[in-house]
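Participant: Pasting in a structure now, in C-alpha cells, and then I'll have a few things to ask.
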Amino acid sequence: KEWTREERYKKLSDYSDNYLDELAKRVAQSPFRQNYHIQPNTGLLNDPNGFTYFDGKWHLFYQWFPMGAVHGLKHWFHLTSTDLVQWNEEGVALLPDTEYDSHGVYSGSGFVKDGQLHIMYTGNVRTEKWERVPNQIVARMEEDGSFTKFLPPAIAGNPAGYTDHFRDPKVWEQHGIYYAVIGAQRSDETGTILLYRSVDAVEWELMGEVDAGLPDFGYMWECPDLFEIDGKTVLLFSPQGIEPEGDRYHNIFQTGYVIADDFRLDELKLAHDGFRELDAGFDFYATQTAESPDGRRILTAWMGLPDVAYPTDSEDWAHCLTLPRELSVKEGKLIQQPVRELVALRKEKSVSEAGLLAGEKRIERNGGNCYELQLDLAFPTSDKHAPVTLDLCADAANDKRFRITLDPSTNKITIDRSRCGIPFAQSYGTTRTLAVGQMDTVKLQIFVDTSSIEIFVNDGEGTFTSRVFPQAGENGLSLVAGSTVDYSLALWELA
Ligand code: FRU
C-alpha cells in the first residue's frame, strides 16, 4: 500500500474507536510478533524516548505512528517497568495536538525536576508550503499520568547558522544546572550537536557546538546523548550520510560514539581518538541511555532503520526496541552487556554440553526461536585453525540459516543473513563483519526472539543486532568446526 501525505498526517481522533482494535487484532496474527521485546501493537515504532527512572519505576516511551508501517504523524507511546524485563503498556502519552507539534511529537528525553518527571522533545511543524519548523518543548507528567506541555516552546525554530534539521534534545542535570544536547545541521549541510544550558529548564541558552573535531562527518546527527562513565565522557549519536569503509558503516545510517578523557562543558571541546560504530549488526539506530538508581548506564535502541523496507510492513506494523544493555568503558571502547535483570526470562536449560568438536554438531530442539544461547570456544595452541560456524534459524537441510562465522586466521566474526528466512534490505549487503582483539578463545551470548538476533561478543566487546524473519521449521541450530575446537554450549528457553 502507498500512503498519501494526507493519510500519513490524518489524526488519531479522525479514526473510529474500533479501528485500532481491529488493526491490533490483525497485527496479533503475525508470525513475527516478538516474545520479550518492546514492539508496537499496531503501526510503526522508531526511537526510544524519555527513558528515565522516576519514583520507583522505569519510564520508557517510543516514537509511534499508530496506523501503519510508515513514518507518519508521530506520537509517544508510554511503558513502565520495575525491572527492565516486564513492561506495562500505559498507552499513548504525547499527541501532536498543538500548533507547535502539529506534524509530530518527535524524539526527546526525560529528566526529574521538583520531584516530577519532565520531558523535552521536538515538536515538528510543517507549514502550508511544507517547510519544516522544529520546536523544542518541555512537558511535565502530572499525578494522573497526563502531560502538561509548556508553551510557547522553550526553543522555537532553529538557531541562526543551522537548518531546520534541529531535533532530539537529551537533557541531564549537573550541579543544579540543566543541560541539553540537540542534533543539528549546519547551514553548510554538515551534522553537529548543539549544547544548551538552563537554570530552571524553562529558559534555555545556547552555549555553542560540541566540538568533536569532526567538521565534515555526514549531513545530520540525530539522537545525541552525552554522559559520563568511570570519569570518561561519552558522546553517542546517530550520524547520517557516512559512506561504507572496509568493514564499517554498511547500514544506511550509523550509530556510534567518541570518548573523551576529560571534557569541560564550558570549553565544549571533546578530544578523542576517533568515532566508533556501536553495533556491528544490520538493524541498530537512534540509541538512548538512562541512569539506574544503582548508577548503571543503561542503553536501548531502535532495532530498525529509516528508509528500509521490512517484511512486516505489509502487516501494518514494524520494528521493536533492543534489549536493555548496561554500558561500561574498557580500553577506550564502549562495552555493552545485557542487563543482569534479563536472567529472569530464563526457563529450563534445554542444552548443556561441552567437549572437543571437529566436524558438525546438529542440535535438535523442539522450542521456537525464543532462547538465550552461550557458546564458549577455545582453539588449541597449535598452528592453523579453520573457521567455526554457528547456524541459527536453520531448516532441516541447513539450507536456510543465519550464519555466524568465527575465523581465527583473521580474528574476524561475520554474520550472514543472505539465506535466513524472508530476505529483505539486501541492497545494503547481506553480511556484516567485526574484528576482535584475539581469537584464542571467544565467547558468544546470543538472544534469539521470534524475529531478532542480538549477539554479545566476549562480554560485550562487540555486538551484532539484527532483525530476521525465519519461517515455519526454521528453528534449528548447527555448529561446525573445520578443525578441532574446545567448546561449551548452553541454551535456555526464554519466557
Ligand atoms: C530518528 C528520528 C529523529 C526524529 C524521529 C522522528 O530516527 O528521525 O531524528 O526525532 O526519528 O520520528
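Residues are named by chain letter and number: chains run A, B, ... in the order of the C-alpha cells, numbers start at 1 in each chain, and ligands are numbered from 1 in the order shown.
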Could you list the protein, DNA and RNA residues that have any atom within 6 Å of ligand 1, counting only C-alpha atoms and all ligand atoms, and write them as an MDAnalysis selection string?
Facilitator: chainID A and resid 47 63 106:107 167:168 222:223 286
Participant: Quick one: everything within 10 Å of stretch 265-272 of chain A, counting only C-alpha atoms, minus sequence neighbours fewer than 4 positions away in the same chain. Send it as a PyMOL selection string.
Facilitator: chain A and resi 179+194-195+197+207-213+233-235+257-261+332
Participant: Would you tabulate, counting only C-alpha atoms, all residues of stretch 31-54 of chain A that have an atom at most 12 Å from an atom of stretch 342-354 of chain A, showing the closest pair of atoms and their distance in Å to one decimal, sorted by chain then ascending number, as JSON lines?
Facilitator:
```
{"residue": "A:Asn35", "atom": "CA", "partner": "A:Leu345", "partner_atom": "CA", "distance": 10.3}
{"residue": "A:Tyr36", "atom": "CA", "partner": "A:Leu345", "partner_atom": "CA", "distance": 8.2}
{"residue": "A:His37", "atom": "CA", "partner": "A:Leu342", "partner_atom": "CA", "distance": 11.3}
```
Participant: Might you pull out every residue within 9 Å of A:Thr312, with only C-alpha atoms counted and same-chain residues fewer than 4 positions away left off, and present them as a PDB file with N, CA and C atoms, in the first residue's frame?
Facilitator:
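Saved the output as out11.pdb:
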```
ATOM      1  N   SER A  30       0.297 -11.941  13.299  1.00  0.00           N
ATOM      2  CA  SER A  30       1.569 -12.045  12.572  1.00  0.00           C
ATOM      3  C   SER A  30       2.455 -13.134  13.168  1.00  0.00           C
ATOM      4  N   PHE A  32       5.501 -13.066  13.187  1.00  0.00           N
ATOM      5  CA  PHE A  32       6.780 -12.443  13.559  1.00  0.00           C
ATOM      6  C   PHE A  32       6.717 -11.622  14.836  1.00  0.00           C
ATOM      7  N   ALA A  69       2.814   0.834   8.838  1.00  0.00           N
ATOM      8  CA  ALA A  69       4.274   0.731   8.911  1.00  0.00           C
ATOM      9  C   ALA A  69       4.952   1.814   8.071  1.00  0.00           C
ATOM     10  N   ASP A 316       1.092  -4.053   8.474  1.00  0.00           N
ATOM     11  CA  ASP A 316       0.768  -2.792   9.156  1.00  0.00           C
ATOM     12  C   ASP A 316       1.390  -2.627  10.536  1.00  0.00           C
ATOM     13  N   TRP A 317       2.554  -3.261  10.724  1.00  0.00           N
ATOM     14  CA  TRP A 317       3.346  -2.966  11.933  1.00  0.00           C
ATOM     15  C   TRP A 317       4.816  -3.156  11.576  1.00  0.00           C
ATOM     16  N   ALA A 318       5.686  -2.494  12.340  1.00  0.00           N
ATOM     17  CA  ALA A 318       7.114  -2.630  12.083  1.00  0.00           C
ATOM     18  C   ALA A 318       7.928  -2.268  13.314  1.00  0.00           C
ATOM     19  N   HIS A 319       8.987  -3.027  13.491  1.00  0.00           N
ATOM     20  CA  HIS A 319      10.090  -2.724  14.420  1.00  0.00           C
ATOM     21  C   HIS A 319       9.833  -3.065  15.899  1.00  0.00           C
ATOM     22  N   PHE A 469      13.561 -12.884   9.749  1.00  0.00           N
ATOM     23  CA  PHE A 469      12.174 -13.305   9.597  1.00  0.00           C
ATOM     24  C   PHE A 469      12.105 -14.760   9.150  1.00  0.00           C
TER      25      PHE A 469
END
```
Participant: Can you tell me how far atom CA of A:Lys384 sits from atom CA of A:Leu434, in Å to one decimal?
Facilitator: 20.5 Å
Participant: Skipping near chain neighbours, those fewer than 6 positions away, what residues fall within 9 Å of stretch 70-87 of chain A using only C-alpha atoms, listed as JSON, numbers by chain?
Facilitator: {"A": [3, 5, 7, 8, 9, 10, 11, 12, 36, 37, 38, 40, 43, 44, 45, 46, 49, 50, 56, 57, 58, 59, 60, 61, 62, 63, 64, 93, 94, 95, 96, 102, 103, 104, 105, 106, 107, 306, 313, 316, 317, 318, 323, 324, 339, 341, 342, 344, 345]}
Participant: Using C-alpha atoms, can you write the selected residues to a file as a tab-separated table (two decimals), in the first residue's frame?
Facilitator:
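Ended up saving to out_31.tsv:
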```tsv
chain	number	residue	atom	x	y	z
A	3	TRP	CA	0.40	6.08	1.82
A	5	ARG	CA	0.63	12.56	2.71
A	7	GLU	CA	-3.18	9.55	5.15
A	8	ARG	CA	0.13	9.84	6.96
A	9	TYR	CA	-0.97	13.01	8.76
A	10	LYS	CA	-4.57	12.06	9.50
A	11	LYS	CA	-5.32	12.50	13.22
A	12	LEU	CA	-5.86	9.59	15.58
A	36	TYR	CA	10.19	-10.42	25.06
A	37	HIS	CA	10.98	-7.25	23.14
A	38	ILE	CA	9.07	-3.97	23.20
A	40	PRO	CA	4.03	-1.70	18.82
A	43	GLY	CA	1.85	0.67	13.24
A	44	LEU	CA	5.45	1.76	13.35
A	45	LEU	CA	7.81	2.11	16.30
A	46	ASN	CA	11.06	4.00	15.97
A	49	ASN	CA	12.38	8.30	24.07
A	50	GLY	CA	12.12	9.69	27.59
A	56	GLY	CA	10.44	3.64	41.75
A	57	LYS	CA	9.80	2.84	38.12
A	58	TRP	CA	11.40	2.88	34.71
A	59	HIS	CA	9.62	5.05	32.17
A	60	LEU	CA	10.25	4.40	28.53
A	61	PHE	CA	8.45	5.84	25.52
A	62	TYR	CA	8.81	5.23	21.83
A	63	GLN	CA	8.14	7.10	18.64
A	64	TRP	CA	4.88	5.75	17.29
A	93	ALA	CA	1.22	9.74	26.18
A	94	LEU	CA	2.08	12.69	23.98
A	95	LEU	CA	-0.08	13.58	20.99
A	96	PRO	CA	0.65	16.05	18.20
A	102	SER	CA	1.14	19.60	14.79
A	103	HIS	CA	3.18	17.33	12.49
A	104	GLY	CA	4.71	15.05	15.05
A	105	VAL	CA	5.86	14.69	18.62
A	106	TYR	CA	9.44	13.86	17.67
A	107	SER	CA	12.20	12.39	19.81
A	306	PRO	CA	14.77	4.67	8.46
A	313	ASP	CA	5.32	-3.64	6.58
A	316	ASP	CA	0.77	-2.79	9.16
A	317	TRP	CA	3.35	-2.97	11.93
A	318	ALA	CA	7.11	-2.63	12.08
A	323	LEU	CA	17.08	-5.40	24.92
A	324	PRO	CA	18.31	-3.00	27.60
A	339	VAL	CA	21.28	-6.08	31.84
A	341	GLU	CA	17.77	-8.48	35.22
A	342	LEU	CA	17.26	-10.43	31.98
A	344	ALA	CA	14.53	-13.59	34.89
A	345	LEU	CA	13.50	-14.58	31.36
```
Participant: Please give the complete set of residues from stretch 2-202 of chain A that DSSP, run on the backbone, assigns to alpha helix (DSSP H), formatted as a PDB file with N, CA and C atoms, in the first residue's frame.
Facilitator:
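Final output, part_27.pdb:
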```pdb
ATOM      1  N   ARG A   5       0.289  11.654   1.612  1.00  0.00           N
ATOM      2  CA  ARG A   5       0.627  12.561   2.711  1.00  0.00           C
ATOM      3  C   ARG A   5      -0.590  12.766   3.628  1.00  0.00           C
ATOM      4  N   GLU A   6      -1.741  12.891   3.013  1.00  0.00           N
ATOM      5  CA  GLU A   6      -2.973  13.080   3.786  1.00  0.00           C
ATOM      6  C   GLU A   6      -3.201  11.932   4.767  1.00  0.00           C
ATOM      7  N   GLU A   7      -2.983  10.720   4.292  1.00  0.00           N
ATOM      8  CA  GLU A   7      -3.183   9.547   5.153  1.00  0.00           C
ATOM      9  C   GLU A   7      -2.141   9.487   6.275  1.00  0.00           C
ATOM     10  N   ARG A   8      -0.930   9.874   5.944  1.00  0.00           N
ATOM     11  CA  ARG A   8       0.134   9.845   6.964  1.00  0.00           C
ATOM     12  C   ARG A   8      -0.110  10.842   8.090  1.00  0.00           C
ATOM     13  N   ASP A  17     -13.405   4.491  16.842  1.00  0.00           N
ATOM     14  CA  ASP A  17     -12.851   3.869  18.039  1.00  0.00           C
ATOM     15  C   ASP A  17     -12.335   2.452  17.822  1.00  0.00           C
ATOM     16  N   ASN A  18     -13.095   1.677  17.099  1.00  0.00           N
ATOM     17  CA  ASN A  18     -12.662   0.278  16.995  1.00  0.00           C
ATOM     18  C   ASN A  18     -11.683   0.041  15.838  1.00  0.00           C
ATOM     19  N   TYR A  19     -11.329   1.114  15.125  1.00  0.00           N
ATOM     20  CA  TYR A  19     -10.399   0.953  14.006  1.00  0.00           C
ATOM     21  C   TYR A  19      -9.060   0.371  14.473  1.00  0.00           C
ATOM     22  N   LEU A  20      -8.515   0.974  15.541  1.00  0.00           N
ATOM     23  CA  LEU A  20      -7.229   0.494  16.073  1.00  0.00           C
ATOM     24  C   LEU A  20      -7.353  -0.909  16.653  1.00  0.00           C
ATOM     25  N   ASP A  21      -8.506  -1.196  17.303  1.00  0.00           N
ATOM     26  CA  ASP A  21      -8.723  -2.534  17.867  1.00  0.00           C
ATOM     27  C   ASP A  21      -8.687  -3.593  16.769  1.00  0.00           C
ATOM     28  N   GLU A  22      -9.362  -3.287  15.680  1.00  0.00           N
ATOM     29  CA  GLU A  22      -9.388  -4.241  14.560  1.00  0.00           C
ATOM     30  C   GLU A  22      -7.986  -4.414  13.980  1.00  0.00           C
ATOM     31  N   LEU A  23      -7.281  -3.286  13.865  1.00  0.00           N
ATOM     32  CA  LEU A  23      -5.913  -3.331  13.344  1.00  0.00           C
ATOM     33  C   LEU A  23      -5.031  -4.177  14.273  1.00  0.00           C
ATOM     34  N   ALA A  24      -5.173  -3.956  15.585  1.00  0.00           N
ATOM     35  CA  ALA A  24      -4.368  -4.693  16.564  1.00  0.00           C
ATOM     36  C   ALA A  24      -4.656  -6.191  16.499  1.00  0.00           C
ATOM     37  N   LYS A  25      -5.912  -6.548  16.288  1.00  0.00           N
ATOM     38  CA  LYS A  25      -6.272  -7.977  16.177  1.00  0.00           C
ATOM     39  C   LYS A  25      -5.574  -8.602  14.986  1.00  0.00           C
ATOM     40  N   ARG A  26      -5.560  -7.859  13.904  1.00  0.00           N
ATOM     41  CA  ARG A  26      -4.911  -8.367  12.692  1.00  0.00           C
ATOM     42  C   ARG A  26      -3.395  -8.490  12.911  1.00  0.00           C
ATOM     43  N   VAL A  27      -2.793  -7.468  13.509  1.00  0.00           N
ATOM     44  CA  VAL A  27      -1.339  -7.487  13.749  1.00  0.00           C
ATOM     45  C   VAL A  27      -0.958  -8.657  14.664  1.00  0.00           C
ATOM     46  N   ALA A  28      -1.812  -8.931  15.653  1.00  0.00           N
ATOM     47  CA  ALA A  28      -1.518 -10.007  16.616  1.00  0.00           C
ATOM     48  C   ALA A  28      -1.395 -11.375  15.929  1.00  0.00           C
TER      49      ALA A  28
END
```
Participant: Pull the strand (DSSP E or B) assignments for stretch 9-85 of chain A out of DSSP run on the backbone, and list those residues as a list in words.
Facilitator: Gly43, Leu44, Leu45, Asn46, Asp47, Pro48, Asn49, Gly50, Phe51, Thr52, Tyr53, Phe54, Lys57, Trp58, His59, Leu60, Phe61, Tyr62, Gln63, Trp64, Phe65, His75, Trp76, Phe77, His78, Leu79, Thr80 and Ser81 of chain A
Participant: Grab the residues selected above and save them as a tab-separated table (two decimals), in the first residue's frame with C-alpha atoms.
Facilitator:
```tsv
chain	number	residue	atom	x	y	z
A	43	GLY	CA	1.85	0.67	13.24
A	44	LEU	CA	5.45	1.76	13.35
A	45	LEU	CA	7.81	2.11	16.30
A	46	ASN	CA	11.06	4.00	15.97
A	47	ASP	CA	13.30	5.75	18.52
A	48	PRO	CA	13.24	5.04	22.25
A	49	ASN	CA	12.38	8.30	24.07
A	50	GLY	CA	12.12	9.69	27.59
A	51	PHE	CA	13.99	6.76	29.17
A	52	THR	CA	14.08	7.67	32.88
A	53	TYR	CA	13.98	6.05	36.30
A	54	PHE	CA	11.46	8.00	38.33
A	57	LYS	CA	9.80	2.84	38.12
A	58	TRP	CA	11.40	2.88	34.71
A	59	HIS	CA	9.62	5.05	32.17
A	60	LEU	CA	10.25	4.40	28.53
A	61	PHE	CA	8.45	5.84	25.52
A	62	TYR	CA	8.81	5.23	21.83
A	63	GLN	CA	8.14	7.10	18.64
A	64	TRP	CA	4.88	5.75	17.29
A	65	PHE	CA	2.83	6.08	14.16
A	75	HIS	CA	3.11	10.15	18.92
A	76	TRP	CA	4.86	8.97	22.09
A	77	PHE	CA	3.74	5.61	23.44
A	78	HIS	CA	4.44	5.12	27.17
A	79	LEU	CA	5.62	1.98	29.02
A	80	THR	CA	6.69	1.45	32.62
A	81	SER	CA	8.65	-1.29	34.36
```
Participant: Residues at most 9 Å from A:Asp230, counting only C-alpha atoms, excluding those fewer than 2 positions away in the same chain, as a PDB file with C-alpha atoms, in the first residue's frame?
Facilitator:
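Generated output (result.pdb):
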```pdb
ATOM      1  CA  GLU A 228      29.949  10.086  31.967  1.00  0.00           C
ATOM      2  CA  LYS A 232      35.191   9.467  30.874  1.00  0.00           C
ATOM      3  CA  THR A 233      32.765  11.463  28.756  1.00  0.00           C
ATOM      4  CA  SER A 328      30.885   0.394  30.565  1.00  0.00           C
ATOM      5  CA  VAL A 329      34.188   1.656  29.182  1.00  0.00           C
TER       6      VAL A 329
END
```
Participant: Hey, what's within 10 Å of stretch 377-382 of chain A if we count only C-alpha atoms and toss same-chain stuff fewer than 5 positions away? As a PDB file with C-alpha atoms, in the first residue's frame, please?
Facilitator:
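Output file out00.pdb is given in full below:
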```pdb
ATOM      1  CA  ALA A 354      30.913 -29.390  26.259  1.00  0.00           C
ATOM      2  CA  GLY A 355      33.865 -31.198  24.724  1.00  0.00           C
ATOM      3  CA  LEU A 356      36.093 -31.289  21.687  1.00  0.00           C
ATOM      4  CA  LEU A 357      34.461 -30.805  18.325  1.00  0.00           C
ATOM      5  CA  VAL A 388      33.917 -22.332  13.153  1.00  0.00           C
ATOM      6  CA  LEU A 406      34.388 -17.142  13.547  1.00  0.00           C
ATOM      7  CA  PRO A 408      40.769 -17.449  13.896  1.00  0.00           C
ATOM      8  CA  MET A 439      40.567 -15.432  18.909  1.00  0.00           C
ATOM      9  CA  ASP A 440      42.396 -17.981  21.065  1.00  0.00           C
ATOM     10  CA  THR A 441      39.149 -18.022  22.963  1.00  0.00           C
ATOM     11  CA  VAL A 442      35.842 -16.464  22.079  1.00  0.00           C
ATOM     12  CA  LYS A 443      32.552 -16.168  23.864  1.00  0.00           C
ATOM     13  CA  LEU A 444      29.142 -15.526  22.339  1.00  0.00           C
ATOM     14  CA  SER A 483      39.431 -28.221  12.808  1.00  0.00           C
ATOM     15  CA  THR A 484      39.400 -29.282  16.434  1.00  0.00           C
ATOM     16  CA  VAL A 485      37.991 -26.818  18.911  1.00  0.00           C
ATOM     17  CA  ASP A 486      37.116 -26.996  22.584  1.00  0.00           C
ATOM     18  CA  TYR A 487      33.528 -25.863  23.025  1.00  0.00           C
ATOM     19  CA  SER A 488      30.861 -25.461  25.622  1.00  0.00           C
ATOM     20  CA  LEU A 489      27.300 -24.649  24.727  1.00  0.00           C
TER      21      LEU A 489
END
```
Participant: When distances are computed from only C-alpha atoms, which of A:Asp395, A:Glu90, A:Glu364, A:Asp416 shows the smallest separation from A:Phe464?
Facilitator: A:Asp416
Participant: Skipping near chain neighbours, those fewer than 4 positions away, what residues fall within 12 Å of A:Gly241 using only C-alpha atoms, listed as a list in words?
Facilitator: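 Skipping anything fewer than 4 positions along the chain leaves Gln185, Glu189, Thr190, Gly191, Asp216, Phe217, Gly218, Tyr219, Met220, Trp221, Glu222, Tyr249, His250, Asn251, Ile252, Phe253, Gln254 and Thr255 of chain A.
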Participant: Rounded to one decimal place, report the atom CA of A:Glu277-atom CA of A:Pro311 distance in Å.
Facilitator: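 Rounded to one decimal, the two atoms are 25.8 Å apart.
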Participant: Between atom CA of A:Arg417 and atom CA of A:Arg403, what is the spacing in Å?
Facilitator: 6.8 Å
Participant: Rank nothing, just name the residue among A:Ile229, A:Val171, A:Leu206, A:Leu236 nearest to A:Arg296, using only C-alpha atoms.
Facilitator: A:Ile229
Participant: For A:Ile298, which of A:Ser427, A:Gln337, A:Ser314, A:Asn366 is the closest residue, counting only C-alpha atoms?
Facilitator: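 Closest residue, counting only C-alpha atoms: A:Gln337.
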Participant: Pick from A:Gly176, A:Gln336, A:Asp164, A:Cys393: nearest to A:Gly462, with only C-alpha atoms counted?
Facilitator: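 Closest candidate: A:Gln336.
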Participant: Tell me which of A:Gly246, A:Gly183, A:Gly368, A:Gly256 sits closest to A:Asp279, counting only C-alpha atoms.
Facilitator: A:Gly256
